[in-house]
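K.L.:
Below: one structure in structure tokens.
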Amino acid sequence: MICSAESERQVQAIATSIEEGLRKQGERPLGAEGAAEGRWALMDYNDVVVHVFLEPVRTFYDLEGLWAEAPVTEVADKSKRSGPARPGAKAGKKGAGKKGG
């Protein structure tokens, strides 16, 4: 999973929220790093790897470009239903699902 944040504090808050939510369900990361600095948080949950980027850092590393040919996976949001999520889709951004959108 790849998502963006607008500030270092928001990177930390998103990472903390994900970790706390999964911990309540009995899931613990195999590894986690970067959240303290607030530019890029990485959490490895074995089958799912979570990246939370500060927006300019996300653009610089362009992980979506590395996964451009990956299959699309449907993800339902509890608050609203959206189209398929895929690498390159930026959550909460206009034009999600379109590279460069």
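Identifiers in the structure tokens: chain A, B, ... in order shown; residue index from 1 per chain; ligand index from 1 in order shown.
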Need the shell around region 39-44 of chain A: protein/DNA/RNA residues with any atom at most 9 Å away, counting only C-alpha atoms. Skip same-chain ones fewer than 6 positions apart. Format as a PyMOL selection string?
P.N.:
chain A and resi 5+7-9+11-12+14-15+19+28-33+50-58
K.L.:
How many Å separate CA of Glu74 (chain A) from CA of Gln10 (chain A)?
P.N.:
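Calculated distance between CA of Glu74 (chain A) and CA of Gln10 (chain A) is 25.2 Å.
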K.L.:
Measuring atom to atom with only C-alpha atoms, identify which of A:Glu27, A:Gly34, A:Asn46, A:Thr59 is nearest to Cys3 (chain A).
P.N.:
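Distance minimum relative to Cys3 (chain A) lands on A:Thr59.
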K.L.:
Find the distance between CA of Gly38 (chain A) and CA of Glu69 (chain A) and write it in Å to one decimal.
P.N.:
28.9 Å
K.L.:
Take CA of Val48 (chain A) and CA of Arg23 (chain A) and report the distance between them in Å, one decimal.
P.N.:
14.3 Å
K.L.:
Restricting the calculation to only C-alpha atoms: of A:Gly26, A:Ala36, A:Met1, A:Thr73, which residue gets closest to Ala13 (chain A)?
P.N.:
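Among the listed residues, A:Ala36 lies closest to Ala13 (chain A).
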